[in-house]
>>> print(open('target-v7.tsv').read())   # TSV, N, CA and C atoms
chain	number	residue	atom	x	y	z
T	654	MET	N	-28.14	-23.69	-13.41
T	654	MET	CA	-27.45	-22.42	-13.34
T	654	MET	C	-26.78	-22.31	-11.98
T	655	THR	N	-25.50	-21.99	-12.00
T	655	THR	CA	-24.77	-21.89	-10.74
T	655	THR	C	-24.51	-20.43	-10.41
T	656	ALA	N	-24.48	-20.14	-9.14
T	656	ALA	CA	-24.20	-18.78	-8.69
T	656	ALA	C	-22.71	-18.53	-8.79
T	657	PRO	N	-22.33	-17.37	-9.28
T	657	PRO	CA	-20.90	-17.07	-9.37
T	657	PRO	C	-20.30	-16.94	-7.98
T	658	GLY	N	-19.08	-17.40	-7.86
T	658	GLY	CA	-18.38	-17.30	-6.59
T	658	GLY	C	-17.81	-15.91	-6.41
T	659	PRO	N	-17.25	-15.65	-5.25
T	659	PRO	CA	-16.66	-14.33	-5.02
T	659	PRO	C	-15.47	-14.11	-5.95
T	660	ASP	N	-15.35	-12.93	-6.43
T	660	ASP	CA	-14.26	-12.56	-7.33
T	660	ASP	C	-13.08	-12.12	-6.49
T	661	PRO	N	-12.00	-12.90	-6.46
T	661	PRO	CA	-10.87	-12.52	-5.61
T	661	PRO	C	-10.20	-11.26	-6.16
T	662	ASP	N	-9.95	-10.33	-5.28
T	662	ASP	CA	-9.31	-9.07	-5.65
T	662	ASP	C	-8.01	-8.97	-4.88
T	663	PRO	N	-6.85	-9.05	-5.55
T	663	PRO	CA	-5.58	-9.03	-4.83
T	663	PRO	C	-5.32	-7.71	-4.13
T	664	ASP	N	-6.02	-6.65	-4.50
T	664	ASP	CA	-5.80	-5.36	-3.86
T	664	ASP	C	-6.59	-5.19	-2.57
T	665	HIS	N	-7.57	-6.05	-2.34
T	665	HIS	CA	-8.41	-5.91	-1.16
T	665	HIS	C	-8.51	-7.26	-0.45
T	666	SER	N	-7.52	-7.60	0.27
T	666	SER	CA	-7.50	-8.88	0.95
T	666	SER	C	-7.89	-8.71	2.41
T	667	ASP	N	-8.76	-9.60	2.88
T	667	ASP	CA	-9.13	-9.60	4.29
T	667	ASP	C	-8.32	-10.62	5.06
T	668	HIS	N	-7.36	-11.23	4.41
T	668	HIS	CA	-6.57	-12.24	5.06
T	668	HIS	C	-5.41	-11.62	5.81
T	669	PRO	N	-5.07	-12.18	6.98
T	669	PRO	CA	-3.94	-11.64	7.74
T	669	PRO	C	-2.60	-12.11	7.20
T	670	ASP	N	-2.53	-12.48	5.92
T	670	ASP	CA	-1.30	-12.97	5.32
T	670	ASP	C	-0.34	-11.85	4.95
T	671	HIS	N	-0.71	-10.61	5.20
T	671	HIS	CA	0.10	-9.48	4.78
T	671	HIS	C	1.03	-9.03	5.91
T	672	HIS	N	1.56	-9.95	6.66
T	672	HIS	CA	2.42	-9.59	7.78
T	672	HIS	C	3.75	-9.07	7.28
T	673	ASP	N	4.63	-8.79	8.18
T	673	ASP	CA	5.88	-8.12	7.89
T	673	ASP	C	6.90	-9.03	7.21
T	674	ALA	N	6.58	-10.27	6.96
T	674	ALA	CA	7.51	-11.19	6.31
T	674	ALA	C	7.67	-10.80	4.84
T	675	PRO	N	8.80	-11.14	4.24
T	675	PRO	CA	8.96	-10.85	2.81
T	675	PRO	C	7.83	-11.50	2.02
T	676	ALA	N	7.30	-10.76	1.10
T	676	ALA	CA	6.15	-11.23	0.35
T	676	ALA	C	6.57	-11.68	-1.04
T	677	ALA	N	5.91	-12.70	-1.53
T	677	ALA	CA	6.21	-13.23	-2.86
T	677	ALA	C	5.62	-12.32	-3.93
T	678	PRO	N	6.29	-12.21	-5.06
T	678	PRO	CA	5.75	-11.40	-6.14
T	678	PRO	C	4.48	-12.01	-6.73
T	679	VAL	N	3.62	-11.16	-7.24
T	679	VAL	CA	2.44	-11.60	-7.96
T	679	VAL	C	2.87	-11.84	-9.40
T	680	PRO	N	2.66	-13.04	-9.93
T	680	PRO	CA	3.09	-13.29	-11.31
T	680	PRO	C	2.45	-12.29	-12.28
T	681	GLY	N	3.27	-11.74	-13.16
T	681	GLY	CA	2.77	-10.83	-14.17
T	681	GLY	C	2.42	-9.44	-13.68
T	682	ALA	N	2.83	-9.09	-12.48
T	682	ALA	CA	2.49	-7.77	-11.93
T	682	ALA	C	3.73	-6.93	-11.70
T	683	ASP	N	4.66	-6.98	-12.67
T	683	ASP	CA	5.90	-6.22	-12.54
T	683	ASP	C	6.68	-6.60	-11.29
T	684	ASP	N	6.48	-7.81	-10.81
T	684	ASP	CA	7.21	-8.33	-9.66
T	684	ASP	C	6.91	-7.61	-8.35
T	685	LEU	N	5.86	-6.82	-8.27
T	685	LEU	CA	5.47	-6.25	-6.97
T	685	LEU	C	4.81	-7.35	-6.16
T	686	SER	N	5.14	-7.39	-4.88
T	686	SER	CA	4.57	-8.42	-4.02
T	686	SER	C	3.10	-8.11	-3.71
T	687	VAL	N	2.43	-9.10	-3.21
T	687	VAL	CA	1.04	-8.93	-2.78
T	687	VAL	C	0.98	-7.86	-1.69
T	688	ARG	N	1.93	-7.90	-0.77
T	688	ARG	CA	1.97	-6.90	0.31
T	688	ARG	C	2.16	-5.50	-0.26
T	689	ASP	N	3.08	-5.34	-1.22
T	689	ASP	CA	3.31	-4.02	-1.81
T	689	ASP	C	2.07	-3.49	-2.51
T	690	ARG	N	1.39	-4.38	-3.22
T	690	ARG	CA	0.15	-3.97	-3.90
T	690	ARG	C	-0.93	-3.60	-2.87
T	691	ALA	N	-0.96	-4.31	-1.74
T	691	ALA	CA	-1.92	-4.00	-0.68
T	691	ALA	C	-1.61	-2.65	-0.04
T	692	LEU	N	-0.32	-2.32	0.12
T	692	LEU	CA	0.07	-1.01	0.65
T	692	LEU	C	-0.45	0.10	-0.26
T	693	LEU	N	-0.22	-0.05	-1.56
T	693	LEU	CA	-0.67	0.97	-2.50
T	693	LEU	C	-2.20	1.07	-2.52
T	694	ALA	N	-2.88	-0.06	-2.46
T	694	ALA	CA	-4.34	-0.06	-2.46
T	694	ALA	C	-4.89	0.66	-1.23
T	695	LEU	N	-4.29	0.41	-0.08
T	695	LEU	CA	-4.74	1.05	1.14
T	695	LEU	C	-4.48	2.56	1.07
T	696	GLU	N	-3.36	2.93	0.49
T	696	GLU	CA	-3.01	4.35	0.39
T	696	GLU	C	-3.91	5.10	-0.59
T	697	ARG	N	-4.51	4.41	-1.55
T	697	ARG	CA	-5.42	5.04	-2.52
T	697	ARG	C	-6.76	5.42	-1.89
T	698	ARG	N	-7.13	4.73	-0.83
T	698	ARG	CA	-8.45	4.95	-0.25
T	698	ARG	C	-8.53	6.27	0.51
T	699	SER	N	-9.76	6.78	0.67
T	699	SER	CA	-9.97	7.97	1.50
T	699	SER	C	-10.46	7.49	2.87
T	700	TRP	N	-10.27	8.33	3.87
T	700	TRP	CA	-10.53	7.91	5.25
T	700	TRP	C	-11.53	8.84	5.91
T	701	ALA	N	-12.49	8.25	6.62
T	701	ALA	CA	-13.61	8.98	7.21
T	701	ALA	C	-13.18	9.90	8.35
T	702	GLY	N	-12.29	9.46	9.19
T	702	GLY	CA	-11.93	10.28	10.34
T	702	GLY	C	-10.62	9.83	10.94
T	703	PRO	N	-10.20	10.51	11.99
T	703	PRO	CA	-8.93	10.18	12.61
T	703	PRO	C	-8.94	8.76	13.17
T	704	GLY	N	-7.88	8.05	12.94
T	704	GLY	CA	-7.75	6.70	13.46
T	704	GLY	C	-8.25	5.61	12.52
T	705	ALA	N	-9.05	5.96	11.54
T	705	ALA	CA	-9.62	4.95	10.64
T	705	ALA	C	-8.53	4.27	9.82
T	706	LYS	N	-7.60	5.06	9.30
T	706	LYS	CA	-6.54	4.50	8.48
T	706	LYS	C	-5.63	3.60	9.32
T	707	GLU	N	-5.25	4.06	10.51
T	707	GLU	CA	-4.39	3.27	11.38
T	707	GLU	C	-5.06	1.95	11.77
T	708	ARG	N	-6.35	1.99	12.01
T	708	ARG	CA	-7.10	0.77	12.34
T	708	ARG	C	-7.09	-0.18	11.15
T	709	ALA	N	-7.29	0.35	9.94
T	709	ALA	CA	-7.27	-0.49	8.74
T	709	ALA	C	-5.89	-1.10	8.51
T	710	ILE	N	-4.85	-0.34	8.78
T	710	ILE	CA	-3.48	-0.86	8.62
T	710	ILE	C	-3.29	-2.08	9.52
T	711	ARG	N	-3.70	-1.94	10.77
T	711	ARG	CA	-3.53	-3.06	11.73
T	711	ARG	C	-4.41	-4.25	11.36
T	712	GLU	N	-5.66	-4.00	11.01
T	712	GLU	CA	-6.61	-5.08	10.75
T	712	GLU	C	-6.37	-5.76	9.40
T	713	GLU	N	-6.13	-4.98	8.35
T	713	GLU	CA	-6.02	-5.55	7.01
T	713	GLU	C	-4.63	-6.04	6.66
T	714	LEU	N	-3.61	-5.34	7.16
T	714	LEU	CA	-2.25	-5.71	6.81
T	714	LEU	C	-1.54	-6.45	7.94
T	715	GLY	N	-2.04	-6.32	9.15
T	715	GLY	CA	-1.44	-7.02	10.28
T	715	GLY	C	-0.09	-6.46	10.70
T	716	ILE	N	0.13	-5.16	10.44
T	716	ILE	CA	1.38	-4.52	10.84
T	716	ILE	C	1.05	-3.22	11.56
T	717	SER	N	2.05	-2.65	12.21
T	717	SER	CA	1.84	-1.38	12.90
T	717	SER	C	1.86	-0.23	11.90
T	718	PRO	N	1.21	0.88	12.23
T	718	PRO	CA	1.28	2.04	11.34
T	718	PRO	C	2.71	2.52	11.09
T	719	VAL	N	3.58	2.44	12.09
T	719	VAL	CA	4.97	2.85	11.90
T	719	VAL	C	5.63	2.00	10.83
T	720	ARG	N	5.44	0.68	10.92
T	720	ARG	CA	6.03	-0.22	9.91
T	720	ARG	C	5.41	0.02	8.53
T	721	TYR	N	4.12	0.30	8.50
T	721	TYR	CA	3.43	0.61	7.24
T	721	TYR	C	4.11	1.78	6.54
T	722	TYR	N	4.35	2.86	7.28
T	722	TYR	CA	4.96	4.03	6.66
T	722	TYR	C	6.41	3.78	6.27
T	723	GLN	N	7.12	2.94	7.02
T	723	GLN	CA	8.48	2.57	6.61
T	723	GLN	C	8.45	1.83	5.28
T	724	LEU	N	7.57	0.86	5.17
T	724	LEU	CA	7.45	0.09	3.93
T	724	LEU	C	6.97	0.96	2.78
T	725	LEU	N	6.02	1.84	3.05
T	725	LEU	CA	5.48	2.71	2.01
T	725	LEU	C	6.55	3.67	1.49
T	726	ASN	N	7.34	4.23	2.39
T	726	ASN	CA	8.40	5.15	1.96
T	726	ASN	C	9.43	4.46	1.09
T	727	ALA	N	9.76	3.23	1.40
T	727	ALA	CA	10.68	2.47	0.54
T	727	ALA	C	10.01	2.14	-0.79
T	728	LEU	N	8.74	1.81	-0.74
T	728	LEU	CA	8.01	1.40	-1.94
T	728	LEU	C	7.90	2.53	-2.95
T	729	ILE	N	7.71	3.77	-2.51
T	729	ILE	CA	7.54	4.85	-3.48
T	729	ILE	C	8.84	5.18	-4.21
T	730	GLU	N	9.95	4.62	-3.76
T	730	GLU	CA	11.22	4.76	-4.48
T	730	GLU	C	11.39	3.68	-5.55
T	731	ASP	N	10.54	2.68	-5.52
T	731	ASP	CA	10.64	1.53	-6.42
T	731	ASP	C	9.95	1.86	-7.75
T	732	GLU	N	10.69	1.76	-8.84
T	732	GLU	CA	10.13	2.07	-10.16
T	732	GLU	C	9.01	1.11	-10.55
T	733	ARG	N	9.01	-0.10	-10.02
T	733	ARG	CA	7.92	-1.04	-10.30
T	733	ARG	C	6.61	-0.51	-9.74
T	734	ALA	N	6.67	0.09	-8.55
T	734	ALA	CA	5.47	0.68	-7.95
T	734	ALA	C	4.97	1.84	-8.80
T	735	LEU	N	5.89	2.62	-9.33
T	735	LEU	CA	5.51	3.74	-10.19
T	735	LEU	C	4.80	3.24	-11.45
T	736	ARG	N	5.26	2.13	-12.00
T	736	ARG	CA	4.60	1.57	-13.19
T	736	ARG	C	3.22	1.02	-12.86
T	737	VAL	N	3.07	0.42	-11.69
T	737	VAL	CA	1.80	-0.20	-11.31
T	737	VAL	C	0.76	0.85	-10.92
T	738	ASP	N	1.17	1.89	-10.18
T	738	ASP	CA	0.22	2.89	-9.68
T	738	ASP	C	0.86	4.28	-9.70
T	739	PRO	N	1.03	4.86	-10.90
T	739	PRO	CA	1.73	6.14	-11.00
T	739	PRO	C	1.05	7.29	-10.27
T	740	VAL	N	-0.26	7.31	-10.24
T	740	VAL	CA	-0.97	8.41	-9.59
T	740	VAL	C	-0.67	8.43	-8.09
T	741	THR	N	-0.80	7.29	-7.44
T	741	THR	CA	-0.56	7.22	-6.00
T	741	THR	C	0.91	7.47	-5.68
T	742	VAL	N	1.81	6.84	-6.41
T	742	VAL	CA	3.24	6.99	-6.13
T	742	VAL	C	3.68	8.44	-6.35
T	743	ASN	N	3.25	9.06	-7.43
T	743	ASN	CA	3.64	10.45	-7.67
T	743	ASN	C	3.06	11.40	-6.63
T	744	ARG	N	1.83	11.13	-6.18
T	744	ARG	CA	1.24	11.95	-5.11
T	744	ARG	C	2.04	11.83	-3.83
T	745	LEU	N	2.41	10.61	-3.47
T	745	LEU	CA	3.19	10.40	-2.25
T	745	LEU	C	4.58	11.03	-2.36
T	746	ARG	N	5.17	10.97	-3.53
T	746	ARG	CA	6.48	11.61	-3.73
T	746	ARG	C	6.36	13.13	-3.58
T	747	ARG	N	5.30	13.72	-4.13
T	747	ARG	CA	5.10	15.17	-4.01
T	747	ARG	C	4.91	15.57	-2.55
T	748	VAL	N	4.12	14.80	-1.80
T	748	VAL	CA	3.89	15.10	-0.39
T	748	VAL	C	5.21	15.01	0.38
T	749	ARG	N	5.96	13.96	0.13
T	749	ARG	CA	7.25	13.79	0.80
T	749	ARG	C	8.20	14.94	0.47
T	750	ASP	N	8.29	15.30	-0.81
T	750	ASP	CA	9.20	16.38	-1.21
T	750	ASP	C	8.78	17.72	-0.61
T	751	ALA	N	7.48	17.97	-0.52
T	751	ALA	CA	6.99	19.22	0.09
T	751	ALA	C	7.36	19.27	1.57
T	752	ARG	N	7.26	18.14	2.26
T	752	ARG	CA	7.62	18.10	3.68
T	752	ARG	C	9.12	18.33	3.85
T	753	ARG	N	9.91	17.75	2.98
T	753	ARG	CA	11.37	17.95	3.05
T	753	ARG	C	11.72	19.41	2.80
T	754	GLY	N	10.99	20.04	1.91
T	754	GLY	CA	11.26	21.44	1.58
T	754	GLY	C	10.98	22.38	2.73
T	755	ARG	N	10.05	22.01	3.61
T	755	ARG	CA	9.69	22.84	4.77
T	755	ARG	C	10.66	22.67	5.92
T	756	ARG	N	11.52	21.68	5.86
T	756	ARG	CA	12.46	21.43	6.98
T	756	ARG	C	13.70	22.27	6.86
>>> encode(input="target-v7.tsv", output="structure tokens")
Amino acid sequence: MTAPGPDPDPDHSDHPDHHDAPAAPVPGADDLSVRDRALLALERRSWAGPGAKERAIREELGISPVRYYQLLNALIEDERALRVDPVTVNRLRRVRDARRGRR
């Protein structure tokens, strides 16, 4: 009897491969890149306190928080992202639209 190996989860990568370089699409995932899926996965999580999310962005994705939000804002306009994670994308769109309405 062999012990099962770790189950790779494309949404939770500890590898620093998620840098700012263009990312290849994940086959069969509506052509969203691994990086795009990682952005959505990170955005779905809840955060314990101030600075925790920014620290996770730097450590897990290897990019600055400013770049993260630039990529995320572009991603929520992508219909592929809406198909992959409609709850997160629609929530982010509502938050963005509410902020625009207050300006």
>>> atom_distance(input="target-v7.tsv", atom1="atom CA of T:Ala691", atom2="atom CA of T:Asn743")
17.0 Å
>>> residues_around(input="target-v7.tsv", residues="T:Lys706", least_positions_apart="5", cutoff="12 Å", atoms="only C-alpha atoms", output="tab-separated table (two decimals) with N, CA and C atoms, in the frame of the given file")
chain	number	residue	atom	x	y	z
T	692	LEU	N	-0.32	-2.32	0.12
T	692	LEU	CA	0.07	-1.01	0.65
T	692	LEU	C	-0.45	0.10	-0.26
T	695	LEU	N	-4.29	0.41	-0.08
T	695	LEU	CA	-4.74	1.05	1.14
T	695	LEU	C	-4.48	2.56	1.07
T	696	GLU	N	-3.36	2.93	0.49
T	696	GLU	CA	-3.01	4.35	0.39
T	696	GLU	C	-3.91	5.10	-0.59
T	697	ARG	N	-4.51	4.41	-1.55
T	697	ARG	CA	-5.42	5.04	-2.52
T	697	ARG	C	-6.76	5.42	-1.89
T	698	ARG	N	-7.13	4.73	-0.83
T	698	ARG	CA	-8.45	4.95	-0.25
T	698	ARG	C	-8.53	6.27	0.51
T	699	SER	N	-9.76	6.78	0.67
T	699	SER	CA	-9.97	7.97	1.50
T	699	SER	C	-10.46	7.49	2.87
T	700	TRP	N	-10.27	8.33	3.87
T	700	TRP	CA	-10.53	7.91	5.25
T	700	TRP	C	-11.53	8.84	5.91
T	701	ALA	N	-12.49	8.25	6.62
T	701	ALA	CA	-13.61	8.98	7.21
T	701	ALA	C	-13.18	9.90	8.35
T	711	ARG	N	-3.70	-1.94	10.77
T	711	ARG	CA	-3.53	-3.06	11.73
T	711	ARG	C	-4.41	-4.25	11.36
T	712	GLU	N	-5.66	-4.00	11.01
T	712	GLU	CA	-6.61	-5.08	10.75
T	712	GLU	C	-6.37	-5.76	9.40
T	713	GLU	N	-6.13	-4.98	8.35
T	713	GLU	CA	-6.02	-5.55	7.01
T	713	GLU	C	-4.63	-6.04	6.66
T	714	LEU	N	-3.61	-5.34	7.16
T	714	LEU	CA	-2.25	-5.71	6.81
T	714	LEU	C	-1.54	-6.45	7.94
T	717	SER	N	2.05	-2.65	12.21
T	717	SER	CA	1.84	-1.38	12.90
T	717	SER	C	1.86	-0.23	11.90
T	718	PRO	N	1.21	0.88	12.23
T	718	PRO	CA	1.28	2.04	11.34
T	718	PRO	C	2.71	2.52	11.09
T	721	TYR	N	4.12	0.30	8.50
T	721	TYR	CA	3.43	0.61	7.24
T	721	TYR	C	4.11	1.78	6.54
T	722	TYR	N	4.35	2.86	7.28
T	722	TYR	CA	4.96	4.03	6.66
T	722	TYR	C	6.41	3.78	6.27
>>> atom_distance(input="target-v7.tsv", atom1="atom CA of T:Asp689", atom2="atom C of T:Arg746")
17.5 Å
>>> atom_distance(input="target-v7.tsv", atom1="atom N of T:Val737", atom2="atom CA of T:Leu693")
9.9 Å
>>> axis_aligned_box(input="target-v7.tsv", around="stretch 697-702 of chain T", padding_each_side="6 Å", output="JSON")
{"center_x": -9.1, "center_y": 7.3, "center_z": 4.2, "size_x": 21.1, "size_y": 17.9, "size_z": 25.5}
>>> closest_residue(input="target-v7.tsv", among="T:Leu735, T:Leu728, T:Gly715, T:Gly704", to="T:Ser686", atoms="only C-alpha atoms")
T:Leu728
>>> closest_residue(input="target-v7.tsv", among="T:Leu745, T:Ala734, T:Val719, T:Ala751", to="T:Asp684", atoms="all atoms listed in the file")
T:Ala734
